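Enquirer: Just so it is clear, I am handing over query37.cif, which has mmCIF, C-alpha atoms and all ligand atoms.
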data_work
loop_
_atom_site.group_PDB
_atom_site.id
_atom_site.type_symbol
_atom_site.label_atom_id
_atom_site.label_comp_id
_atom_site.auth_asym_id
_atom_site.auth_seq_id
_atom_site.Cartn_x
_atom_site.Cartn_y
_atom_site.Cartn_z
ATOM 1 C CA MET A 1 3.949 25.489 25.804
ATOM 2 C CA ASP A 2 2.069 25.606 29.179
ATOM 3 C CA HIS A 3 2.867 22.896 31.631
ATOM 4 C CA ALA A 4 0.815 22.007 34.688
ATOM 5 C CA PRO A 5 2.857 22.337 37.885
ATOM 6 C CA HIS A 6 4.208 18.937 38.832
ATOM 7 C CA GLY A 7 1.624 16.846 40.668
ATOM 8 C CA LYS A 8 -1.174 19.379 40.142
ATOM 9 C CA GLU A 9 -3.954 19.350 37.601
ATOM 10 C CA LYS A 10 -3.996 22.461 35.455
ATOM 11 C CA LYS A 11 -7.387 24.190 35.710
ATOM 12 C CA VAL A 12 -9.077 24.665 32.373
ATOM 13 C CA ALA A 13 -11.210 27.771 32.180
ATOM 14 C CA LYS A 14 -14.707 27.451 30.746
ATOM 15 C CA GLY A 15 -14.565 27.646 26.974
ATOM 16 C CA GLU A 16 -10.790 27.118 26.881
ATOM 17 C CA ARG A 17 -9.784 24.231 24.655
ATOM 18 C CA LEU A 18 -7.620 21.466 26.047
ATOM 19 C CA ARG A 19 -4.219 21.263 24.416
ATOM 20 C CA ARG A 20 -3.206 17.952 22.982
ATOM 21 C CA PRO A 21 -0.151 16.362 24.546
ATOM 22 C CA ALA A 22 2.960 16.370 22.361
ATOM 23 C CA GLY A 23 3.600 13.275 20.225
ATOM 24 C CA PRO A 24 2.039 11.758 17.162
ATOM 25 C CA PRO A 25 -1.427 13.068 16.284
ATOM 26 C CA GLU A 26 -4.320 11.133 17.774
ATOM 27 C CA ARG A 27 -5.607 8.466 15.416
ATOM 28 C CA LYS A 28 -8.391 6.329 16.803
ATOM 29 C CA VAL A 29 -9.339 3.072 15.153
ATOM 30 C CA SER A 30 -11.382 0.077 16.292
ATOM 31 C CA LEU A 31 -9.591 -2.180 18.757
ATOM 32 C CA ALA A 32 -9.652 -5.024 16.205
ATOM 33 C CA ARG A 33 -7.997 -2.767 13.623
ATOM 34 C CA ALA A 34 -5.487 -1.537 16.203
ATOM 35 C CA LEU A 35 -4.296 -5.100 16.813
ATOM 36 C CA SER A 36 -3.866 -5.616 13.100
ATOM 37 C CA LYS A 37 -2.156 -2.223 12.697
ATOM 38 C CA LEU A 38 0.254 -3.164 15.453
ATOM 39 C CA GLY A 39 1.122 -6.271 13.494
ATOM 40 C CA PHE A 40 -0.243 -8.635 16.142
ATOM 41 C CA THR A 41 -2.932 -10.424 14.173
ATOM 42 C CA SER A 42 -5.416 -9.863 11.370
ATOM 43 C CA ARG A 43 -8.569 -7.872 12.034
ATOM 44 C CA SER A 44 -10.786 -10.945 11.688
ATOM 45 C CA GLN A 45 -8.636 -12.996 14.058
ATOM 46 C CA ALA A 46 -8.550 -10.109 16.523
ATOM 47 C CA ARG A 47 -12.327 -10.120 16.991
ATOM 48 C CA PRO A 48 -12.711 -13.492 18.771
ATOM 49 C CA LEU A 49 -9.558 -12.740 20.756
ATOM 50 C CA ILE A 50 -11.083 -9.492 22.045
ATOM 51 C CA GLU A 51 -14.502 -11.047 22.646
ATOM 52 C CA SER A 52 -12.895 -13.788 24.727
ATOM 53 C CA GLY A 53 -11.645 -11.161 27.219
ATOM 54 C CA ARG A 54 -7.914 -11.547 26.563
ATOM 55 C CA VAL A 55 -7.336 -7.928 25.505
ATOM 56 C CA SER A 56 -7.034 -4.863 27.741
ATOM 57 C CA VAL A 57 -6.584 -1.184 26.976
ATOM 58 C CA ASN A 58 -4.879 0.990 29.602
ATOM 59 C CA GLY A 59 -5.484 -1.775 32.150
ATOM 60 C CA ARG A 60 -9.205 -2.281 31.418
ATOM 61 C CA CYS A 61 -10.439 -5.461 29.796
ATOM 62 C CA ILE A 62 -12.290 -4.590 26.576
ATOM 63 C CA GLN A 63 -14.524 -7.195 24.946
ATOM 64 C CA ASN A 64 -16.006 -5.039 22.217
ATOM 65 C CA PRO A 65 -13.835 -5.118 19.052
ATOM 66 C CA GLU A 66 -15.412 -1.830 17.862
ATOM 67 C CA VAL A 67 -14.228 0.280 20.820
ATOM 68 C CA ARG A 68 -12.091 3.142 19.443
ATOM 69 C CA VAL A 69 -8.510 3.334 20.625
ATOM 70 C CA ASP A 70 -5.318 5.071 19.583
ATOM 71 C CA PRO A 71 -2.682 2.367 19.118
ATOM 72 C CA ASP A 72 0.118 4.981 19.180
ATOM 73 C CA ARG A 73 -0.902 6.360 22.573
ATOM 74 C CA GLU A 74 -2.800 3.721 24.523
ATOM 75 C CA VAL A 75 -1.364 0.622 26.141
ATOM 76 C CA ILE A 76 -2.877 -2.477 24.564
ATOM 77 C CA ARG A 77 -2.182 -5.828 26.185
ATOM 78 C CA VAL A 78 -3.005 -9.382 25.116
ATOM 79 C CA ASP A 79 -2.778 -11.828 28.021
ATOM 80 C CA ASP A 80 -0.847 -9.176 29.991
ATOM 81 C CA ARG A 81 1.767 -8.789 27.264
ATOM 82 C CA VAL A 82 2.097 -5.216 25.980
ATOM 83 C CA ILE A 83 1.719 -5.113 22.212
ATOM 84 C CA ARG A 84 4.175 -2.623 20.793
ATOM 85 C CA PRO A 85 4.023 -1.330 17.247
ATOM 86 C CA ALA A 86 6.021 -3.359 14.772
ATOM 87 C CA ALA A 87 9.026 -1.586 13.239
ATOM 88 C CA PRO A 88 8.129 -0.210 9.821
ATOM 89 C CA VAL A 89 8.843 -2.512 6.911
ATOM 90 C CA TYR A 90 9.223 -1.404 3.289
ATOM 91 C CA LEU A 91 9.709 -4.099 0.653
ATOM 92 C CA MET A 92 9.665 -4.538 -3.075
ATOM 93 C CA MET A 93 8.555 -7.770 -4.665
ATOM 94 C CA HIS A 94 8.809 -8.916 -8.244
ATOM 95 C CA LYS A 95 5.286 -10.268 -8.387
ATOM 96 C CA PRO A 96 5.213 -13.205 -10.754
ATOM 97 C CA LYS A 97 2.405 -13.822 -13.219
ATOM 98 C CA GLY A 98 -0.422 -15.969 -11.897
ATOM 99 C CA VAL A 99 -0.254 -14.641 -8.320
ATOM 100 C CA VAL A 100 -2.984 -12.412 -6.842
ATOM 101 C CA THR A 101 -2.386 -9.471 -4.502
ATOM 102 C CA THR A 102 -5.381 -10.148 -2.232
ATOM 103 C CA ARG A 103 -4.847 -11.590 1.239
ATOM 104 C CA LEU A 104 -7.385 -14.394 0.976
ATOM 105 C CA ASP A 105 -8.444 -15.650 -2.390
ATOM 106 C CA GLU A 106 -11.879 -17.209 -2.535
ATOM 107 C CA ARG A 107 -10.729 -19.305 -5.511
ATOM 108 C CA ASP A 108 -7.676 -20.528 -3.614
ATOM 109 C CA ARG A 109 -5.188 -19.071 -6.092
ATOM 110 C CA LYS A 110 -1.620 -18.361 -5.046
ATOM 111 C CA THR A 111 -1.309 -14.968 -3.343
ATOM 112 C CA VAL A 112 1.609 -12.635 -2.632
ATOM 113 C CA TYR A 113 1.214 -13.674 1.039
ATOM 114 C CA ASP A 114 2.237 -17.217 0.099
ATOM 115 C CA LEU A 115 5.501 -15.707 -1.154
ATOM 116 C CA LEU A 116 5.960 -13.383 1.819
ATOM 117 C CA GLY A 117 6.012 -16.067 4.486
ATOM 118 C CA GLU A 118 4.929 -15.665 8.086
ATOM 119 C CA GLU A 119 6.674 -12.387 8.846
ATOM 120 C CA GLY A 120 5.077 -10.631 5.923
ATOM 121 C CA GLN A 121 1.491 -11.470 6.793
ATOM 122 C CA TRP A 122 0.846 -7.966 8.205
ATOM 123 C CA LEU A 123 2.114 -6.085 5.196
ATOM 124 C CA PHE A 124 -0.209 -4.681 2.591
ATOM 125 C CA PRO A 125 0.410 -3.999 -1.076
ATOM 126 C CA VAL A 126 0.650 -0.368 -2.205
ATOM 127 C CA GLY A 127 -1.778 -0.510 -5.110
ATOM 128 C CA ARG A 128 -2.495 -3.717 -6.939
ATOM 129 C CA LEU A 129 -1.347 -5.662 -9.929
ATOM 130 C CA ASP A 130 -3.666 -7.974 -11.866
ATOM 131 C CA LYS A 131 -3.093 -11.677 -11.595
ATOM 132 C CA GLU A 132 -1.577 -11.828 -15.087
ATOM 133 C CA THR A 133 0.615 -8.741 -14.580
ATOM 134 C CA SER A 134 4.114 -9.198 -13.216
ATOM 135 C CA GLY A 135 6.642 -6.738 -11.864
ATOM 136 C CA LEU A 136 7.219 -4.187 -9.154
ATOM 137 C CA LEU A 137 4.913 -4.375 -6.142
ATOM 138 C CA LEU A 138 5.592 -2.351 -2.992
ATOM 139 C CA LEU A 139 4.593 -3.824 0.375
ATOM 140 C CA THR A 140 4.618 -2.114 3.754
ATOM 141 C CA ASN A 141 3.060 -1.984 7.209
ATOM 142 C CA ASP A 142 3.283 1.824 7.187
ATOM 143 C CA THR A 143 -0.284 2.662 6.233
ATOM 144 C CA GLN A 144 0.293 6.386 5.884
ATOM 145 C CA TRP A 145 3.357 5.963 3.682
ATOM 146 C CA GLY A 146 1.494 3.498 1.457
ATOM 147 C CA ASN A 147 -1.544 5.739 1.237
ATOM 148 C CA ARG A 148 0.561 8.742 0.267
ATOM 149 C CA ILE A 149 2.039 6.822 -2.662
ATOM 150 C CA ALA A 150 -1.265 5.296 -3.757
ATOM 151 C CA ALA A 151 -3.309 8.519 -3.373
ATOM 152 C CA PRO A 152 -4.514 9.810 -6.760
ATOM 153 C CA GLU A 153 -3.181 13.284 -5.847
ATOM 154 C CA SER A 154 0.350 11.897 -5.641
ATOM 155 C CA LYS A 155 0.265 11.392 -9.430
ATOM 156 C CA MET A 156 3.107 8.943 -8.865
ATOM 157 C CA PRO A 157 4.371 7.762 -12.275
ATOM 158 C CA LYS A 158 4.119 4.031 -12.846
ATOM 159 C CA VAL A 159 6.029 2.618 -15.777
ATOM 160 C CA TYR A 160 4.909 -0.510 -17.635
ATOM 161 C CA HIS A 161 6.443 -2.610 -20.378
ATOM 162 C CA VAL A 162 3.519 -3.721 -22.512
ATOM 163 C CA LYS A 163 3.630 -6.453 -25.145
ATOM 164 C CA LEU A 164 0.918 -5.953 -27.784
ATOM 165 C CA ASN A 165 -0.291 -8.671 -30.157
ATOM 166 C CA ARG A 166 0.586 -6.553 -33.230
ATOM 167 C CA SER A 167 2.466 -3.432 -34.094
ATOM 168 C CA ILE A 168 0.844 -0.217 -33.036
ATOM 169 C CA SER A 169 0.139 2.700 -35.367
ATOM 170 C CA GLU A 170 1.442 6.227 -34.790
ATOM 171 C CA GLU A 171 -2.136 7.471 -34.366
ATOM 172 C CA ASP A 172 -2.772 4.965 -31.603
ATOM 173 C CA MET A 173 0.503 5.873 -29.874
ATOM 174 C CA ALA A 174 -0.668 9.505 -29.996
ATOM 175 C CA GLN A 175 -4.033 8.434 -28.587
ATOM 176 C CA LEU A 176 -2.367 6.644 -25.647
ATOM 177 C CA ARG A 177 -0.446 9.865 -24.952
ATOM 178 C CA SER A 178 -3.405 12.230 -25.149
ATOM 179 C CA GLY A 179 -5.954 9.992 -23.398
ATOM 180 C CA VAL A 180 -8.177 7.048 -24.268
ATOM 181 C CA LEU A 181 -11.916 7.111 -23.708
ATOM 182 C CA LEU A 182 -12.853 4.363 -21.230
ATOM 183 C CA GLU A 183 -16.278 3.573 -19.787
ATOM 184 C CA GLU A 184 -15.774 5.958 -16.826
ATOM 185 C CA GLY A 185 -14.129 8.776 -18.836
ATOM 186 C CA LYS A 186 -10.967 9.777 -20.649
ATOM 187 C CA THR A 187 -7.604 8.740 -19.199
ATOM 188 C CA ALA A 188 -5.080 11.409 -18.188
ATOM 189 C CA PRO A 189 -2.171 12.227 -20.518
ATOM 190 C CA ALA A 190 0.442 9.453 -20.466
ATOM 191 C CA GLU A 191 3.848 8.838 -21.968
ATOM 192 C CA ALA A 192 4.150 6.133 -24.609
ATOM 193 C CA VAL A 193 7.328 5.131 -26.433
ATOM 194 C CA ARG A 194 8.241 2.180 -28.601
ATOM 195 C CA LEU A 195 10.634 -0.417 -27.197
ATOM 196 C CA ARG A 196 11.027 -3.193 -29.786
ATOM 197 C CA GLN A 197 9.078 -4.932 -32.468
ATOM 198 C CA ASN A 198 9.071 -8.231 -34.311
ATOM 199 C CA GLU A 199 6.670 -10.331 -36.354
ATOM 200 C CA LYS A 200 5.019 -11.532 -33.119
ATOM 201 C CA GLY A 201 4.019 -8.086 -31.892
ATOM 202 C CA GLU A 202 5.411 -4.960 -30.317
ATOM 203 C CA TRP A 203 6.657 -3.916 -26.869
ATOM 204 C CA ILE A 204 5.947 -0.363 -25.791
ATOM 205 C CA VAL A 205 6.722 1.551 -22.570
ATOM 206 C CA LEU A 206 3.706 3.256 -21.032
ATOM 207 C CA THR A 207 3.973 5.674 -18.092
ATOM 208 C CA LEU A 208 0.737 6.401 -16.232
ATOM 209 C CA ARG A 209 0.125 8.918 -13.465
ATOM 210 C CA GLU A 210 -3.212 7.495 -12.387
ATOM 211 C CA GLY A 211 -4.212 4.038 -11.234
ATOM 212 C CA ARG A 212 -7.565 2.937 -12.559
ATOM 213 C CA ASN A 213 -8.522 -0.690 -12.454
ATOM 214 C CA ARG A 214 -6.824 -2.729 -15.236
ATOM 215 C CA GLN A 215 -5.975 0.585 -16.855
ATOM 216 C CA VAL A 216 -3.211 -0.482 -19.245
ATOM 217 C CA ARG A 217 -5.165 -3.467 -20.536
ATOM 218 C CA ARG A 218 -8.357 -1.457 -20.985
ATOM 219 C CA MET A 219 -6.567 1.423 -22.768
ATOM 220 C CA CYS A 220 -4.941 -0.962 -25.222
ATOM 221 C CA GLU A 221 -8.086 -3.029 -25.721
ATOM 222 C CA ALA A 222 -10.105 0.147 -26.386
ATOM 223 C CA LEU A 223 -7.734 0.821 -29.309
ATOM 224 C CA GLY A 224 -8.088 -2.745 -30.626
ATOM 225 C CA TYR A 225 -4.919 -4.412 -29.242
ATOM 226 C CA GLN A 226 -4.512 -7.427 -26.987
ATOM 227 C CA VAL A 227 -2.026 -7.128 -24.137
ATOM 228 C CA GLU A 228 -0.010 -10.342 -24.191
ATOM 229 C CA ASN A 229 2.441 -9.431 -21.471
ATOM 230 C CA LEU A 230 2.448 -6.648 -18.897
ATOM 231 C CA VAL A 231 5.286 -5.868 -16.504
ATOM 232 C CA ARG A 232 5.500 -2.930 -14.080
ATOM 233 C CA VAL A 233 9.155 -1.896 -14.129
ATOM 234 C CA ARG A 234 9.205 1.311 -12.102
ATOM 235 C CA ILE A 235 7.247 3.363 -9.554
ATOM 236 C CA GLY A 236 8.430 6.966 -9.192
ATOM 237 C CA ASP A 237 12.176 6.692 -9.585
ATOM 238 C CA VAL A 238 12.407 3.259 -7.951
ATOM 239 C CA ALA A 239 13.097 0.568 -10.539
ATOM 240 C CA LEU A 240 12.436 -3.169 -10.381
ATOM 241 C CA GLY A 241 15.988 -3.750 -11.594
ATOM 242 C CA PRO A 242 17.442 -7.269 -11.631
ATOM 243 C CA LEU A 243 15.077 -8.796 -9.028
ATOM 244 C CA SER A 244 13.773 -12.056 -10.498
ATOM 245 C CA PRO A 245 10.102 -13.136 -10.412
ATOM 246 C CA GLY A 246 9.129 -14.100 -6.851
ATOM 247 C CA GLY A 247 12.128 -12.157 -5.465
ATOM 248 C CA ILE A 248 11.687 -9.801 -2.511
ATOM 249 C CA ARG A 249 14.092 -7.199 -1.124
ATOM 250 C CA PRO A 250 13.875 -4.377 1.419
ATOM 251 C CA LEU A 251 13.793 -0.884 -0.040
ATOM 252 C CA THR A 252 16.818 1.209 0.824
ATOM 253 C CA PRO A 253 16.169 4.200 3.132
ATOM 254 C CA GLY A 254 16.798 6.429 0.099
ATOM 255 C CA GLU A 255 14.150 4.623 -1.941
ATOM 256 C CA VAL A 256 11.646 4.875 0.915
ATOM 257 C CA ARG A 257 12.256 8.635 1.144
ATOM 258 C CA ARG A 258 12.172 9.191 -2.600
ATOM 259 C CA LEU A 259 8.802 7.465 -2.917
ATOM 260 C CA ALA A 260 7.397 9.403 0.062
ATOM 261 C CA PRO A 261 9.017 10.484 3.314
ATOM 262 C CA PRO A 262 8.290 7.777 5.933
ATOM 263 C CA SER A 263 5.522 8.567 8.426
ATOM 264 C CA LYS A 264 6.791 10.188 11.617
ATOM 265 C CA ALA A 265 4.439 8.054 13.688
ATOM 266 C CA SER A 266 6.000 4.941 12.170
ATOM 267 C CA SER A 267 9.590 5.680 12.987
ATOM 268 C CA PRO A 268 10.636 2.996 15.489
ATOM 269 C CA SER A 269 12.336 5.558 17.783
ATOM 270 C CA LYS A 270 8.995 7.333 18.311
ATOM 271 C CA ARG A 271 7.237 4.095 19.041
ATOM 272 C CA GLU A 272 9.248 2.879 22.033
HETATM 273 N N1 LIG B 1 -2.797 -1.864 -15.635
HETATM 274 C C1 LIG B 1 -3.354 -3.070 -15.852
HETATM 275 O O1 LIG B 1 -4.097 -3.263 -16.797
HETATM 276 N N2 LIG B 1 -3.058 -4.064 -14.980
HETATM 277 C C2 LIG B 1 -2.228 -3.915 -13.933
HETATM 278 O O2 LIG B 1 -1.998 -4.858 -13.180
HETATM 279 C C3 LIG B 1 -1.671 -2.648 -13.739
HETATM 280 C C4 LIG B 1 -1.970 -1.640 -14.597
#
What would the structure in this file look like if it were written as structure tokens?

Expert:
Amino acid sequence: MDHAPHGKEKKVAKGERLRRPAGPPERKVSLARALSKLGFTSRSQARPLIESGRVSVNGRCIQNPEVRVDPDREVIRVDDRVIRPAAPVYLMMHKPKGVVTTRLDERDRKTVYDLLGEEGQWLFPVGRLDKETSGLLLLTNDTQWGNRIAAPESKMPKVYHVKLNRSISEEDMAQLRSGVLLEEGKTAPAEAVRLRQNEKGEWIVLTLREGRNRQVRRMCEALGYQVENLVRVRIGDVALGPLSPGGIRPLTPGEVRRLAPPSKASSPSKRE
């Protein structure tokens, strides 16, 4: 790599492209988003803070929340305190039934943020679970890691235990496996196996590699069944295990890697 002699500016010939400095790739976001990405405050709370003149970037006071900055490369201060990126956090929660995954619920229902407490307010869920669905929910502040898992191209298997209101026929099991026609098109091939059955209905295990809205419920309803209970028990090869409803635990480094390698830009050593 070329280096400018110490203390001198390297001359750039006309037409020559400037090389990027080494380090994480440049990723500019609005200043308000940068403060939320850094784990300092939410985007909406960052706006009045910036407008009030308390935030500077590389020593210059910035009062426009939309100004684009790179939080990995530029020095952002609030009231003269340098805001450093938060260490990456990777958690699993056993989301209980009746709790929503949104940050603010307009109907004032209980949210996963009520369970996370103050330190978890800057995490975001990797994918969603319906209010009435319980089970494995991943939460992180590593946006790139979360996006890699949630991206449709990842085809990350998600395994659900599904309680149906009645026993399911072999034809309908075959239909779940080959694809069910929903409003927006046919679902991708899935795995479906029987778990247990009694006079009150049947539990099956359904493994999906796509994540459409309310997909399990809509697939079963399209075949004429009611879903009475839905639990996500596994994502990739990370299982919910014995965590009880409302329980939260950090993922092990092995689990983080197996789901997706952590983002280089998020490793705390690169962020000092
Ligand atoms: N499928 C559903 O129907 N609901 C969920 O919460 C997840 C998958």

Enquirer: Box in all listed atoms of stretch 257-263 of chain A, axis-aligned, with 3 Å more on each side; write out centre and edge lengths in Å to one decimal as lines of an AutoDock Vina configuration file.

Expert:
center_x = 8.9
center_y = 9.0
center_z = 2.8
size_x = 12.7
size_y = 9.0
size_z = 17.3

Enquirer: Report as a Markdown table the residues of chain A within 7 Å of ligand LIG 1 (chain B), each with its shortest atom pair and distance in Å (one decimal), using only C-alpha atoms and all ligand atoms, ordered by chain and increasing residue number.

Expert:
| residue | atom | partner | partner_atom | distance |
| --- | --- | --- | --- | --- |
| A:Arg128 | CA | B:LIG1 | O2 | 6.4 |
| A:Leu129 | CA | B:LIG1 | O2 | 3.4 |
| A:Asp130 | CA | B:LIG1 | O2 | 3.8 |
| A:Thr133 | CA | B:LIG1 | O2 | 4.9 |
| A:Gly211 | CA | B:LIG1 | C4 | 7.0 |
| A:Asn213 | CA | B:LIG1 | C1 | 6.6 |
| A:Arg214 | CA | B:LIG1 | O1 | 3.2 |
| A:Gln215 | CA | B:LIG1 | N1 | 4.2 |
| A:Val216 | CA | B:LIG1 | O1 | 3.8 |
| A:Arg217 | CA | B:LIG1 | O1 | 3.9 |
| A:Arg218 | CA | B:LIG1 | O1 | 6.2 |

Enquirer: I need the chosen residues saved as a CSV table (one decimal), in the coordinates of the input, with C-alpha atoms.

Expert:
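The result, written out as result_17.csv:
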chain,number,residue,atom,x,y,z
A,128,ARG,CA,-2.5,-3.7,-6.9
A,129,LEU,CA,-1.3,-5.7,-9.9
A,130,ASP,CA,-3.7,-8.0,-11.9
A,133,THR,CA,0.6,-8.7,-14.6
A,211,GLY,CA,-4.2,4.0,-11.2
A,213,ASN,CA,-8.5,-0.7,-12.5
A,214,ARG,CA,-6.8,-2.7,-15.2
A,215,GLN,CA,-6.0,0.6,-16.9
A,216,VAL,CA,-3.2,-0.5,-19.2
A,217,ARG,CA,-5.2,-3.5,-20.5
A,218,ARG,CA,-8.4,-1.5,-21.0

Enquirer: Residues near A:Leu38, anyone? I mean within 10 Å using only C-alpha atoms, not counting same-chain ones fewer than 2 positions away, as a VMD selection string.

Expert: chain A and resid 33 to 36 40 to 42 71 to 72 76 83 to 87 122 141

Enquirer: Do a neighbour search on A:Glu255 at 12 Å with all atoms listed in the file, toss out local chain neighbours closer than 6 positions, and write the hits as a list in words.

Expert: Tyr90, Leu91, Met92, Leu138, Arg234, Ile235, Gly236, Asp237, Val238, Ala239, Leu240, Arg249, Pro261 and Pro262 of chain A

Enquirer: Point out the residue among A:Leu181, A:Ala151, A:Ala192, A:Leu176 with the least atom-to-atom distance to A:Glu210, counting only C-alpha atoms.

Expert: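 Looking only at the distances to A:Glu210, the closest residue turns out to be A:Ala151.
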
Enquirer: Once the PyMOL selection byres (((chain A and resi 227-229) around 12) and not hetatm) has been applied to the shown file, what residues remain in the selection, as a VMD selection string?

Expert: chain A and resid 96 to 98 130 to 135 160 to 168 200 to 205 214 to 226 230 to 232

Enquirer: With the PyMOL selection byres (((chain A and resi 54-60) around 7) and not hetatm) as the selection, what would be picked from this file? Answer as a PyMOL selection string, please.

Expert: chain A and resi 49-50+52-53+61-62+74-79

Enquirer: Evaluate the PyMOL selection byres (((chain A and resi 143-148) around 10) and not hetatm) and record the selected residues as a PyMOL selection string, following the chain and residue labels used in the document.

Expert: chain A and resi 37+88+90+123-127+138-142+149-154+156+256-257+259-266

Enquirer: How would the residues just picked look written out with C-alpha atoms as a PDB file, in the frame of the given file?

Expert:
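So selection03.pdb came out as:
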ATOM      1  CA  LYS A  37      -2.156  -2.223  12.697  1.00  0.00           C
ATOM      2  CA  PRO A  88       8.129  -0.210   9.821  1.00  0.00           C
ATOM      3  CA  TYR A  90       9.223  -1.404   3.289  1.00  0.00           C
ATOM      4  CA  LEU A 123       2.114  -6.085   5.196  1.00  0.00           C
ATOM      5  CA  PHE A 124      -0.209  -4.681   2.591  1.00  0.00           C
ATOM      6  CA  PRO A 125       0.410  -3.999  -1.076  1.00  0.00           C
ATOM      7  CA  VAL A 126       0.650  -0.368  -2.205  1.00  0.00           C
ATOM      8  CA  GLY A 127      -1.778  -0.510  -5.110  1.00  0.00           C
ATOM      9  CA  LEU A 138       5.592  -2.351  -2.992  1.00  0.00           C
ATOM     10  CA  LEU A 139       4.593  -3.824   0.375  1.00  0.00           C
ATOM     11  CA  THR A 140       4.618  -2.114   3.754  1.00  0.00           C
ATOM     12  CA  ASN A 141       3.060  -1.984   7.209  1.00  0.00           C
ATOM     13  CA  ASP A 142       3.283   1.824   7.187  1.00  0.00           C
ATOM     14  CA  ILE A 149       2.039   6.822  -2.662  1.00  0.00           C
ATOM     15  CA  ALA A 150      -1.265   5.296  -3.757  1.00  0.00           C
ATOM     16  CA  ALA A 151      -3.309   8.519  -3.373  1.00  0.00           C
ATOM     17  CA  PRO A 152      -4.514   9.810  -6.760  1.00  0.00           C
ATOM     18  CA  GLU A 153      -3.181  13.284  -5.847  1.00  0.00           C
ATOM     19  CA  SER A 154       0.350  11.897  -5.641  1.00  0.00           C
ATOM     20  CA  MET A 156       3.107   8.943  -8.865  1.00  0.00           C
ATOM     21  CA  VAL A 256      11.646   4.875   0.915  1.00  0.00           C
ATOM     22  CA  ARG A 257      12.256   8.635   1.144  1.00  0.00           C
ATOM     23  CA  LEU A 259       8.802   7.465  -2.917  1.00  0.00           C
ATOM     24  CA  ALA A 260       7.397   9.403   0.062  1.00  0.00           C
ATOM     25  CA  PRO A 261       9.017  10.484   3.314  1.00  0.00           C
ATOM     26  CA  PRO A 262       8.290   7.777   5.933  1.00  0.00           C
ATOM     27  CA  SER A 263       5.522   8.567   8.426  1.00  0.00           C
ATOM     28  CA  LYS A 264       6.791  10.188  11.617  1.00  0.00           C
ATOM     29  CA  ALA A 265       4.439   8.054  13.688  1.00  0.00           C
ATOM     30  CA  SER A 266       6.000   4.941  12.170  1.00  0.00           C
TER      31      SER A 266
END

Enquirer: Provide stretch 26-39 of chain A of the preceding structure as a file containing N, CA and C atoms, as a PDB file, in the first residue's frame.

Expert:
ATOM      1  N   GLU A  26     -16.527   2.394   4.883  1.00  0.00           N
ATOM      2  CA  GLU A  26     -17.273   3.594   5.260  1.00  0.00           C
ATOM      3  C   GLU A  26     -18.774   3.317   5.199  1.00  0.00           C
ATOM      4  N   ARG A  27     -19.474   3.661   6.258  1.00  0.00           N
ATOM      5  CA  ARG A  27     -20.920   3.475   6.267  1.00  0.00           C
ATOM      6  C   ARG A  27     -21.559   4.707   6.861  1.00  0.00           C
ATOM      7  N   LYS A  28     -22.046   5.583   5.971  1.00  0.00           N
ATOM      8  CA  LYS A  28     -22.622   6.837   6.475  1.00  0.00           C
ATOM      9  C   LYS A  28     -24.103   6.666   6.753  1.00  0.00           C
ATOM     10  N   VAL A  29     -24.507   7.242   7.863  1.00  0.00           N
ATOM     11  CA  VAL A  29     -25.928   7.230   8.247  1.00  0.00           C
ATOM     12  C   VAL A  29     -26.236   8.622   8.791  1.00  0.00           C
ATOM     13  N   SER A  30     -27.504   8.931   8.995  1.00  0.00           N
ATOM     14  CA  SER A  30     -27.844  10.246   9.541  1.00  0.00           C
ATOM     15  C   SER A  30     -27.288  10.327  10.968  1.00  0.00           C
ATOM     16  N   LEU A  31     -27.014  11.556  11.401  1.00  0.00           N
ATOM     17  CA  LEU A  31     -26.436  11.731  12.733  1.00  0.00           C
ATOM     18  C   LEU A  31     -27.369  11.154  13.810  1.00  0.00           C
ATOM     19  N   ALA A  32     -28.680  11.336  13.607  1.00  0.00           N
ATOM     20  CA  ALA A  32     -29.644  10.799  14.588  1.00  0.00           C
ATOM     21  C   ALA A  32     -29.523   9.279  14.643  1.00  0.00           C
ATOM     22  N   ARG A  33     -29.391   8.651  13.478  1.00  0.00           N
ATOM     23  CA  ARG A  33     -29.276   7.184  13.446  1.00  0.00           C
ATOM     24  C   ARG A  33     -27.945   6.753  14.064  1.00  0.00           C
ATOM     25  N   ALA A  34     -26.898   7.554  13.790  1.00  0.00           N
ATOM     26  CA  ALA A  34     -25.578   7.205  14.336  1.00  0.00           C
ATOM     27  C   ALA A  34     -25.641   7.148  15.856  1.00  0.00           C
ATOM     28  N   LEU A  35     -26.325   8.099  16.471  1.00  0.00           N
ATOM     29  CA  LEU A  35     -26.401   8.097  17.943  1.00  0.00           C
ATOM     30  C   LEU A  35     -27.174   6.883  18.447  1.00  0.00           C
ATOM     31  N   SER A  36     -28.153   6.458  17.670  1.00  0.00           N
ATOM     32  CA  SER A  36     -28.892   5.268  18.097  1.00  0.00           C
ATOM     33  C   SER A  36     -28.048   4.023  17.844  1.00  0.00           C
ATOM     34  N   LYS A  37     -27.335   3.999  16.700  1.00  0.00           N
ATOM     35  CA  LYS A  37     -26.460   2.864  16.392  1.00  0.00           C
ATOM     36  C   LYS A  37     -25.360   2.697  17.445  1.00  0.00           C
ATOM     37  N   LEU A  38     -24.892   3.821  17.943  1.00  0.00           N
ATOM     38  CA  LEU A  38     -23.837   3.773  18.956  1.00  0.00           C
ATOM     39  C   LEU A  38     -24.378   3.383  20.321  1.00  0.00           C
ATOM     40  N   GLY A  39     -25.684   3.234  20.394  1.00  0.00           N
ATOM     41  CA  GLY A  39     -26.291   2.813  21.658  1.00  0.00           C
ATOM     42  C   GLY A  39     -26.474   3.959  22.636  1.00  0.00           C
TER      43      GLY A  39
END
